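Source file: data_18.cif (mmCIF, C-alpha atoms)
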```
data_query
loop_
_atom_site.label_atom_id
_atom_site.label_comp_id
_atom_site.auth_asym_id
_atom_site.auth_seq_id
_atom_site.Cartn_x
_atom_site.Cartn_y
_atom_site.Cartn_z
CA MET A 1 12.43 -32.32 40.18
CA TYR A 2 13.84 -33.96 37.06
CA ALA A 3 16.07 -32.83 34.21
CA TYR A 4 15.21 -34.08 30.72
CA ILE A 5 17.17 -34.64 27.52
CA ALA A 6 15.83 -36.26 24.35
CA ARG A 7 18.19 -38.49 22.38
CA GLN A 8 17.73 -39.61 18.78
CA PRO A 9 20.24 -41.89 17.02
CA ILE A 10 21.86 -41.22 13.65
CA TYR A 11 22.60 -44.25 11.46
CA ASN A 12 24.82 -45.14 8.54
CA SER A 13 23.66 -46.90 5.36
CA ASN A 14 24.03 -50.29 7.09
CA LYS A 15 21.59 -49.11 9.77
CA GLU A 16 24.32 -48.99 12.40
CA ILE A 17 24.30 -46.20 14.99
CA ARG A 18 27.07 -43.69 14.29
CA SER A 19 26.10 -40.86 16.64
CA TYR A 20 23.24 -39.30 18.60
CA GLU A 21 21.52 -35.95 18.54
CA LEU A 22 20.82 -34.50 22.00
CA LEU A 23 17.75 -32.28 22.17
CA TYR A 24 16.54 -29.88 24.85
CA ARG A 25 13.37 -30.77 26.70
CA ASP A 26 11.62 -28.43 29.11
CA ALA A 27 11.64 -29.71 32.69
CA TYR A 28 8.14 -28.32 33.29
CA SER A 29 6.38 -29.54 30.16
CA GLY A 30 7.67 -33.11 29.92
CA ASN A 31 8.54 -34.32 26.44
CA VAL A 32 8.24 -30.86 24.82
CA SER A 33 11.06 -28.61 23.64
CA ASN A 34 9.28 -25.33 24.51
CA ILE A 35 12.40 -23.27 23.75
CA THR A 36 12.07 -19.57 24.57
CA ASP A 37 15.83 -18.91 24.85
CA GLY A 38 18.07 -20.83 22.46
CA ASP A 39 21.24 -19.92 24.35
CA ALA A 40 19.84 -21.16 27.66
CA ALA A 41 18.55 -24.37 26.06
CA THR A 42 22.00 -25.24 24.66
CA ARG A 43 23.74 -24.34 27.92
CA SER A 44 21.30 -26.62 29.73
CA VAL A 45 21.84 -29.57 27.36
CA LEU A 46 25.64 -29.32 27.46
CA SER A 47 25.83 -28.75 31.21
CA GLU A 48 23.42 -31.56 32.12
CA ALA A 49 24.93 -33.96 29.59
CA THR A 50 28.34 -33.33 31.17
CA SER A 51 27.65 -33.08 34.88
CA LEU A 52 24.31 -34.84 35.43
CA PHE A 53 23.82 -37.56 32.81
CA GLY A 54 27.41 -38.12 31.67
CA PHE A 55 28.29 -38.18 27.96
CA SER A 56 29.50 -41.78 28.00
CA ARG A 57 26.17 -42.99 29.41
CA LEU A 58 24.14 -40.80 27.05
CA THR A 59 25.87 -41.72 23.81
CA ASN A 60 27.69 -45.00 24.54
CA GLY A 61 30.92 -43.45 23.32
CA HIS A 62 29.44 -42.02 20.11
CA MET A 63 29.56 -38.33 19.17
CA ALA A 64 26.68 -36.10 20.29
CA TYR A 65 25.14 -33.54 17.94
CA ILE A 66 24.10 -30.40 19.86
CA HIS A 67 22.50 -27.21 18.50
CA PHE A 68 24.50 -23.99 18.94
CA THR A 69 23.14 -20.50 18.32
CA ARG A 70 25.01 -17.73 16.56
CA ASN A 71 25.59 -16.02 19.91
CA LEU A 72 27.15 -19.09 21.54
CA ILE A 73 29.40 -19.63 18.52
CA LEU A 74 30.59 -16.02 18.45
CA ASN A 75 31.07 -15.93 22.24
CA ASP A 76 33.13 -19.14 22.13
CA PHE A 77 30.84 -21.09 24.45
CA VAL A 78 31.14 -23.92 21.96
CA ARG A 79 34.83 -24.24 22.83
CA LEU A 80 33.89 -25.51 26.27
CA ALA A 81 32.61 -28.67 24.56
CA ASP A 82 35.10 -31.47 23.85
CA PRO A 83 35.50 -31.84 20.05
CA LYS A 84 35.87 -35.60 20.56
CA GLU A 85 32.41 -35.72 22.18
CA VAL A 86 30.35 -32.97 20.56
CA ALA A 87 29.49 -32.13 16.97
CA VAL A 88 28.50 -28.47 16.61
CA GLU A 89 25.16 -28.06 14.87
CA VAL A 90 24.97 -24.65 13.21
CA MET A 91 21.35 -23.55 13.20
CA ALA A 92 19.78 -22.90 9.79
CA ASP A 93 18.64 -19.40 10.74
CA ILE A 94 22.18 -18.21 11.46
CA THR A 95 23.22 -15.01 9.73
CA VAL A 96 26.32 -15.86 7.70
CA ASP A 97 28.81 -13.01 7.82
CA ALA A 98 32.53 -12.48 8.27
CA ALA A 99 32.35 -12.95 12.06
CA VAL A 100 30.56 -16.31 11.80
CA THR A 101 32.83 -17.51 9.00
CA ARG A 102 35.93 -16.60 11.01
CA LYS A 103 34.67 -18.46 14.09
CA LEU A 104 33.78 -21.56 12.09
CA GLU A 105 37.26 -21.54 10.56
CA GLU A 106 38.72 -21.46 14.07
CA LEU A 107 36.51 -24.31 15.23
CA ARG A 108 37.35 -26.43 12.20
CA LYS A 109 41.09 -25.95 12.89
CA LEU A 110 40.52 -26.95 16.53
CA GLY A 111 39.08 -30.26 15.36
CA TYR A 112 35.36 -29.69 15.81
CA THR A 113 32.89 -31.49 13.57
CA LEU A 114 30.60 -28.82 12.07
CA VAL A 115 27.06 -29.72 11.06
CA LEU A 116 24.76 -27.42 9.07
CA GLU A 117 21.17 -27.87 10.17
CA ASP A 118 18.17 -27.96 7.78
CA TYR A 119 19.92 -27.07 4.51
CA ASP A 120 17.58 -25.51 1.91
CA GLY A 121 19.98 -24.90 -0.99
CA HIS A 122 20.07 -21.16 -0.38
CA GLY A 123 23.16 -19.28 -1.52
CA GLN A 124 23.65 -17.64 1.89
CA TYR A 125 25.46 -20.81 3.03
CA ASN A 126 27.98 -20.85 0.16
CA ALA A 127 30.64 -19.02 2.18
CA ILE A 128 30.62 -21.57 5.00
CA LEU A 129 29.90 -24.82 3.13
CA PRO A 130 33.65 -25.53 2.61
CA LEU A 131 34.03 -25.40 6.41
CA ILE A 132 31.14 -27.76 7.12
CA ASN A 133 31.67 -31.50 7.67
CA ILE A 134 28.06 -32.68 7.60
CA VAL A 135 24.94 -31.15 6.01
CA ARG A 136 21.45 -32.17 7.10
CA VAL A 137 18.55 -32.22 4.61
CA ASP A 138 14.95 -32.49 5.82
CA PHE A 139 13.14 -35.21 3.81
CA ARG A 140 9.71 -34.13 5.08
CA ARG A 141 10.19 -30.51 4.07
CA PHE A 142 11.42 -31.07 0.49
CA GLY A 143 10.30 -33.28 -2.37
CA ARG A 144 12.47 -35.68 -4.32
CA GLU A 145 13.50 -33.17 -7.01
CA ASP A 146 14.79 -30.68 -4.42
CA GLN A 147 16.51 -33.47 -2.53
CA ARG A 148 18.34 -34.60 -5.69
CA ARG A 149 19.26 -31.02 -6.55
CA PHE A 150 20.72 -30.46 -3.08
CA ALA A 151 22.63 -33.75 -3.28
CA ARG A 152 24.22 -32.81 -6.64
CA LYS A 153 25.32 -29.43 -5.26
CA LEU A 154 26.64 -30.80 -1.95
CA LYS A 155 28.69 -33.53 -3.62
CA LYS A 156 30.73 -30.79 -5.30
CA VAL A 157 31.76 -29.20 -1.98
CA PRO A 158 32.18 -32.05 -0.80
CA VAL A 159 30.48 -32.78 2.51
CA THR A 160 28.91 -35.78 4.19
CA MET A 161 25.15 -35.65 3.66
CA LEU A 162 22.68 -36.57 6.40
CA ALA A 163 19.05 -37.28 5.51
CA GLU A 164 16.81 -36.38 8.43
CA LYS A 165 13.13 -37.12 9.08
CA ILE A 166 13.33 -40.41 7.24
CA GLU A 167 9.97 -42.03 7.94
CA THR A 168 9.64 -44.85 5.39
CA GLN A 169 11.72 -47.49 3.65
CA ALA A 170 11.15 -45.52 0.42
CA ASP A 171 12.71 -42.42 2.01
CA PHE A 172 15.70 -44.46 3.15
CA ASP A 173 16.20 -46.10 -0.23
CA ALA A 174 15.90 -42.79 -2.10
CA ALA A 175 18.33 -41.01 0.21
CA ARG A 176 20.87 -43.82 -0.06
CA ASP A 177 20.61 -43.79 -3.87
CA MET A 178 21.26 -40.03 -3.88
CA GLY A 179 24.53 -40.51 -1.98
CA PHE A 180 23.44 -39.73 1.58
CA LEU A 181 25.64 -41.57 4.08
CA LEU A 182 23.89 -40.71 7.37
CA PHE A 183 20.21 -41.09 8.25
CA GLN A 184 17.87 -40.08 11.06
CA GLY A 185 14.14 -40.26 11.55
CA TYR A 186 11.09 -42.07 12.90
CA TYR A 187 11.71 -44.93 10.46
CA PHE A 188 14.62 -45.87 12.73
CA GLU A 189 13.68 -44.45 16.13
CA LYS A 190 11.81 -41.51 17.60
CA PRO A 191 13.63 -39.19 20.03
CA ARG A 192 13.76 -41.01 23.35
CA LEU A 193 13.19 -38.99 26.51
CA LEU A 194 15.77 -39.52 29.24
CA ASN A 195 15.39 -38.09 32.71
CA LYS A 196 17.55 -37.75 35.75
CA HIS A 197 16.57 -36.66 39.21
CA ILE A 198 18.11 -33.28 39.92
CA PRO A 199 20.29 -33.65 43.02
CA THR A 200 19.83 -31.77 46.26
CA LEU A 201 21.16 -28.25 46.49
CA VAL A 202 24.53 -29.25 47.91
CA GLU A 203 24.94 -31.98 45.27
CA SER A 204 24.23 -29.76 42.25
CA PRO A 205 27.14 -28.00 40.47
CA TYR A 206 26.13 -24.50 41.59
CA GLY A 207 25.21 -25.81 45.03
CA ARG A 208 28.65 -27.34 45.51
CA LEU A 209 30.27 -24.08 44.45
CA MET A 210 28.01 -22.05 46.73
CA ASN A 211 28.72 -24.40 49.62
CA GLU A 212 32.46 -24.00 49.12
CA LEU A 213 32.12 -20.21 49.00
CA LEU A 214 30.23 -20.28 52.33
CA ARG A 215 33.06 -22.00 54.20
CA PRO A 216 34.80 -19.86 56.87
CA SER A 217 38.03 -20.35 54.91
CA VAL A 218 37.46 -20.48 51.14
CA ASP A 219 39.87 -22.47 48.96
CA PHE A 220 39.86 -20.65 45.62
CA ASP A 221 41.77 -23.48 43.93
CA VAL A 222 38.95 -25.89 44.80
CA CYS A 223 36.38 -23.34 43.57
CA ALA A 224 38.27 -22.88 40.30
CA GLN A 225 38.29 -26.64 39.68
CA MET A 226 34.55 -26.85 40.41
CA ILE A 227 33.84 -24.06 37.94
CA GLN A 228 36.04 -25.60 35.24
CA SER A 229 34.23 -28.95 35.57
CA ASP A 230 30.92 -27.45 34.36
CA ALA A 231 30.76 -25.86 30.91
CA ALA A 232 27.82 -23.55 31.57
CA MET A 233 29.26 -22.35 34.88
CA THR A 234 32.64 -21.67 33.29
CA TYR A 235 31.04 -19.71 30.47
CA LEU A 236 28.78 -17.59 32.68
CA LEU A 237 31.35 -16.79 35.35
CA LEU A 238 34.26 -16.09 32.98
CA LYS A 239 31.98 -14.01 30.75
CA ARG A 240 30.85 -12.05 33.80
CA ALA A 241 34.48 -11.36 34.72
CA GLY A 242 35.57 -10.52 31.17
CA PHE A 243 37.87 -13.51 30.56
CA GLN A 244 35.85 -15.18 27.78
CA ASP A 245 38.61 -14.78 25.18
CA ASN A 246 40.38 -17.84 26.58
CA PHE A 247 37.51 -20.33 26.30
CA GLY A 248 38.76 -23.71 25.25
CA GLY A 249 42.30 -23.26 26.52
CA ASN A 250 43.70 -23.64 30.03
CA VAL A 251 41.09 -21.57 31.83
CA LEU A 252 42.15 -22.37 35.41
CA PRO A 253 44.50 -19.35 35.69
CA ASP A 254 41.72 -17.08 34.39
CA ILE A 255 39.23 -18.58 36.85
CA ARG A 256 41.61 -17.97 39.76
CA ARG A 257 42.11 -14.37 38.64
CA MET A 258 38.35 -13.97 38.33
CA LEU A 259 37.82 -15.16 41.90
CA ILE A 260 40.39 -12.73 43.21
CA GLN A 261 39.14 -9.78 41.17
CA MET A 262 35.46 -10.31 41.94
CA GLY A 263 36.07 -10.67 45.65
CA LEU A 264 34.31 -13.11 47.93
CA GLY A 265 31.24 -10.98 48.60
CA GLU A 266 30.43 -10.30 44.94
CA LEU A 267 31.27 -13.88 43.96
CA ARG A 268 28.91 -15.30 46.60
CA ARG A 269 26.16 -13.01 45.37
CA TYR A 270 26.64 -13.88 41.71
CA ALA A 271 27.00 -17.62 42.36
CA LEU A 272 23.83 -17.63 44.48
CA LEU A 273 21.87 -15.84 41.75
CA LEU A 274 23.16 -18.30 39.14
CA LEU A 275 22.23 -21.21 41.41
CA ALA A 276 18.70 -19.84 41.67
CA ARG A 277 18.37 -19.11 37.95
CA GLU A 278 19.83 -22.42 36.70
CA ASN A 279 17.64 -24.47 39.08
CA ASN A 280 14.53 -22.29 38.95
CA ALA A 281 11.37 -24.38 39.30
CA MET A 282 9.15 -21.35 38.62
CA PRO A 283 7.89 -20.35 35.15
CA SER A 284 9.63 -16.94 35.35
CA ASP A 285 12.49 -15.16 37.10
CA GLU A 286 10.22 -13.01 39.27
CA ALA A 287 10.87 -14.97 42.46
CA ILE A 288 14.62 -14.62 41.83
CA ARG A 289 14.18 -10.86 41.44
CA GLN A 290 12.25 -10.73 44.68
CA GLY A 291 14.92 -12.74 46.50
CA CYS A 292 17.64 -10.50 45.09
CA LEU A 293 15.66 -7.42 46.14
CA ARG A 294 15.23 -8.79 49.67
CA GLY A 295 18.91 -9.54 49.94
CA LEU A 296 19.99 -6.09 48.75
CA PHE A 297 17.47 -4.34 51.01
CA ILE A 298 18.57 -6.24 54.13
CA GLU A 299 22.22 -5.72 53.25
CA ARG A 300 21.82 -1.95 52.85
CA LEU A 301 19.65 -1.56 55.91
CA MET A 302 22.40 -3.26 57.91
CA GLU A 303 24.98 -0.95 56.35
CA LYS A 304 22.86 2.04 57.39
CA ALA A 305 22.96 0.66 60.92
CA SER A 306 26.78 0.49 60.67
CA MET A 307 26.63 -3.28 61.04
CA ASP A 308 28.51 -6.07 59.27
CA ALA A 309 26.24 -6.66 56.28
CA THR A 310 28.15 -9.69 54.95
CA ASP A 311 25.24 -12.07 55.53
CA GLY A 312 22.44 -9.65 54.62
CA PHE A 313 22.20 -10.68 50.99
CA LEU A 314 22.43 -14.37 51.89
CA LEU A 315 19.57 -14.01 54.36
CA GLY A 316 17.26 -12.31 51.88
CA MET A 317 18.09 -14.48 48.88
CA PHE A 318 17.94 -17.76 50.80
CA SER A 319 14.54 -16.78 52.20
CA MET A 320 13.13 -17.16 48.66
CA LEU A 321 15.05 -20.29 47.62
CA ASP A 322 12.45 -22.72 48.94
CA ARG A 323 9.93 -21.18 46.55
CA ILE A 324 12.40 -20.80 43.66
CA LEU A 325 13.68 -24.39 43.91
CA ASP A 326 10.37 -25.88 45.06
CA THR A 327 12.12 -27.48 48.04
CA PRO A 328 11.30 -27.19 51.76
CA MET A 329 13.61 -24.76 53.56
CA GLN A 330 14.61 -27.38 56.12
CA ARG A 331 15.93 -29.62 53.32
CA LEU A 332 17.60 -26.71 51.52
CA VAL A 333 19.83 -25.77 54.41
CA GLU A 334 20.88 -29.33 55.25
CA GLY A 335 24.59 -29.74 54.68
CA ILE A 336 25.05 -26.10 53.60
CA HIS A 337 27.81 -24.15 55.31
CA LEU A 338 25.45 -21.41 56.44
CA ARG A 339 25.95 -20.20 59.98
CA ASP A 340 23.57 -21.81 62.46
CA ASP A 341 21.91 -18.51 63.38
CA LEU A 342 21.16 -17.85 59.68
CA LYS A 343 19.69 -21.33 59.32
CA MET A 344 17.50 -20.90 62.39
CA ALA A 345 16.21 -17.52 61.18
CA LEU A 346 15.38 -19.03 57.77
CA THR A 347 13.66 -22.15 59.09
CA GLY A 348 11.95 -20.35 61.97
CA GLU A 349 13.37 -22.82 64.49
CA ALA A 350 14.40 -20.03 66.82
CA GLU A 351 14.48 -16.25 66.82
CA ASN A 352 17.83 -14.52 66.88
CA SER A 353 19.47 -11.28 65.76
CA TYR A 354 18.69 -12.03 62.08
CA THR A 355 14.97 -12.59 62.62
CA PRO A 356 13.89 -8.91 62.84
CA TRP A 357 15.73 -8.00 59.61
CA LEU A 358 13.99 -10.76 57.68
CA GLN A 359 10.59 -10.02 59.21
CA TYR A 360 10.99 -6.31 58.51
CA VAL A 361 11.68 -6.81 54.81
CA ILE A 362 8.89 -9.37 54.34
CA LEU A 363 6.35 -7.05 55.98
CA TYR A 364 7.68 -4.01 54.09
CA GLU A 365 7.05 -5.83 50.80
CA MET A 366 3.35 -6.03 51.64
CA SER A 367 3.01 -2.22 51.48
CA ASN A 368 0.32 -2.30 54.17
CA PRO A 369 0.41 0.82 56.38
CA ASN A 370 -1.53 -1.01 59.08
CA LEU A 371 1.23 -3.54 59.66
CA ILE A 372 3.64 -2.85 62.50
CA LEU A 373 7.24 -3.26 61.38
CA PRO A 374 9.82 -4.71 63.82
CA GLU A 375 12.22 -2.28 65.45
CA LEU A 376 15.62 -2.14 63.81
CA PRO A 377 18.79 -0.48 65.06
CA VAL A 378 18.62 2.09 62.26
CA GLN A 379 16.85 5.45 62.11
CA LEU A 380 15.35 6.06 58.66
CA SER A 381 12.33 8.17 57.78
CA ASP A 382 9.58 6.63 55.64
CA ARG A 383 10.85 8.61 52.67
CA GLU A 384 14.48 7.54 53.17
CA CYS A 385 13.43 3.92 53.51
CA GLY A 386 11.28 4.18 50.37
CA ASP A 387 14.13 5.74 48.39
CA LEU A 388 16.49 2.99 49.55
CA TYR A 389 13.99 0.28 48.57
CA THR A 390 13.51 1.86 45.13
CA ARG A 391 17.27 1.87 44.51
CA CYS A 392 17.47 -1.76 45.59
CA PHE A 393 14.59 -2.56 43.23
CA SER A 394 16.47 -1.05 40.31
CA ASP A 395 19.76 -2.73 41.29
CA ALA A 396 18.05 -6.12 41.64
CA ASP A 397 16.64 -5.80 38.14
CA GLU A 398 20.10 -5.02 36.79
CA LEU A 399 21.75 -7.94 38.61
CA VAL A 400 19.19 -10.49 37.38
CA ASN A 401 19.12 -9.10 33.83
CA ASN A 402 22.92 -9.33 33.62
CA LEU A 403 23.15 -12.97 34.64
CA GLY A 404 23.68 -13.94 30.99
#
```
Taking this structure as input, can you express it in the form of structure tokens?
Amino acid sequence: MYAYIARQPIYNSNKEIRSYELLYRDAYSGNVSNITDGDAATRSVLSEATSLFGFSRLTNGHMAYIHFTRNLILNDFVRLADPKEVAVEVMADITVDAAVTRKLEELRKLGYTLVLEDYDGHGQYNAILPLINIVRVDFRRFGREDQRRFARKLKKVPVTMLAEKIETQADFDAARDMGFLLFQGYYFEKPRLLNKHIPTLVESPYGRLMNELLRPSVDFDVCAQMIQSDAAMTYLLLKRAGFQDNFGGNVLPDIRRMLIQMGLGELRRYALLLLARENNAMPSDEAIRQGCLRGLFIERLMEKASMDATDGFLLGMFSMLDRILDTPMQRLVEGIHLRDDLKMALTGEAENSYTPWLQYVILYEMSNPNLILPELPVQLSDRECGDLYTRCFSDADELVNNLG
């Protein structure tokens, strides 16, 4: 499986590259944005640009323009980006209010370059224009009179003006005469699709974290450093633990506190769900929900049997990972610090004490009264088992919905 990012250069009036815009591309549709969740798209671009592609290789040392939604600005996700590397593109559909204005003021003071996307001259932007460094004007959307009118207004702010969707020499000449200093469009270069093979489970950011959490003796300092090295992981895990107010500062102490407060069991569960969601090869989250449901059901059946249920969730969730990640189970478990008996139960290499629990849950999902369920060391009536499964179903929905 491959990850994709589109890159389009931004030029100055001498036709020299000054920066690049990084654009989300759907891993399943090829060179198509296909954005259904703006927050997730931005998290994906920033995370993959940082940990998979590498900013220096993507932009050759130039600044990268990346879209940020209102939600990610207000929740301070943007502060996980390095202001020396990333220019914050404020989407044109943002609702400008006191909260947004306050956040943009903070970002400007922290040294971020703020870019207003697709300016249309509307008065709703007046409150934030003094905070903006660069304003983009679409030369395909507006005619010359509107373009000149916008240029006259923006020069009074003042801001640097960027003419986008420049497709002809005439567009370039007109924009330059109006005072635009930056230019982007097909006249120079179309967005270029870049791809990178997504590493194996144990090589991916969430896989490395999960592997560390599966060690017999977990080093929380190592885990904290792994989390801090990935912007999306830091955002999601700190947000989950309620420490998001410190984004952009020294987050290592907060990450350590988060690990301690969440506890190893809950942290393993959450990290495994994030691993599945962030690397999901399926068109929806349904397989993740099913894996979560399996894990909770096995875990609680084991608890009913007064057994150690530590590995119950891992067994159920991992049993769906081959489908979720579109990777053979044998390859998935290579190099992972899962216990050998768990690996053998998952791959089917040999039956052991975990095998009946996994078989029971898989057969129970089929809802076929003619199937004979394996014997388990727990005495539950059909009604009790059904009630337990229904509660797990509801809890699985809640866990997946709250991933962020």
Residues near range 314-330 of chain A, anyone? I mean within 6 Å using only C-alpha atoms, not counting same-chain ones fewer than 2 positions away, as an MDAnalysis selection string. chainID A and resid 280:281 291:292 294:295 311:312 332:333
Writer output for current selection, C-alpha atoms, as a PDB file, in the frame of the given file:
```
ATOM      1  CA  ASN A 280      14.530 -22.290  38.950  1.00  0.00           C
ATOM      2  CA  ALA A 281      11.370 -24.380  39.300  1.00  0.00           C
ATOM      3  CA  GLY A 291      14.920 -12.740  46.500  1.00  0.00           C
ATOM      4  CA  CYS A 292      17.640 -10.500  45.090  1.00  0.00           C
ATOM      5  CA  ARG A 294      15.230  -8.790  49.670  1.00  0.00           C
ATOM      6  CA  GLY A 295      18.910  -9.540  49.940  1.00  0.00           C
ATOM      7  CA  ASP A 311      25.240 -12.070  55.530  1.00  0.00           C
ATOM      8  CA  GLY A 312      22.440  -9.650  54.620  1.00  0.00           C
ATOM      9  CA  LEU A 332      17.600 -26.710  51.520  1.00  0.00           C
ATOM     10  CA  VAL A 333      19.830 -25.770  54.410  1.00  0.00           C
TER      11      VAL A 333
END
```
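Across the model, the gap from CA of Pro130 in chain A to CA of Thr101 in chain A is 10.3 Å.
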Selection near Lys155 in chain A, 10 Å with only C-alpha atoms, sequence-local residues under 5 positions removed, as a list of chain:residue names: A:Phe150, A:Thr160, A:Met161, A:Met178, A:Gly179, A:Phe180
With all atoms listed in the file as the atoms that count, which of A:Arg149, A:Lys156, A:His67, A:Lys103 lies nearest to Asp118 in chain A? A:His67
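Taking CA of Glu375 in chain A and CA of Arg339 in chain A as the two end points, the separation is 23.2 Å.
For the choices A:Glu278, A:Glu299, A:Glu286, A:Asp173, the atom-to-atom distance to Leu358 in chain A is smallest for A:Glu299 when using only C-alpha atoms.
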Counting all atoms listed in the file, closest pick from A:Ala92, A:Ala151, A:Ala350, A:Ala276 relative to Tyr125 in chain A is A:Ala92
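Residue nearest Val251 in chain A within the list A:Ala232, A:Leu238, A:Met63, A:Ile73: A:Leu238 [criterion: smallest interatomic distance, only C-alpha atoms].
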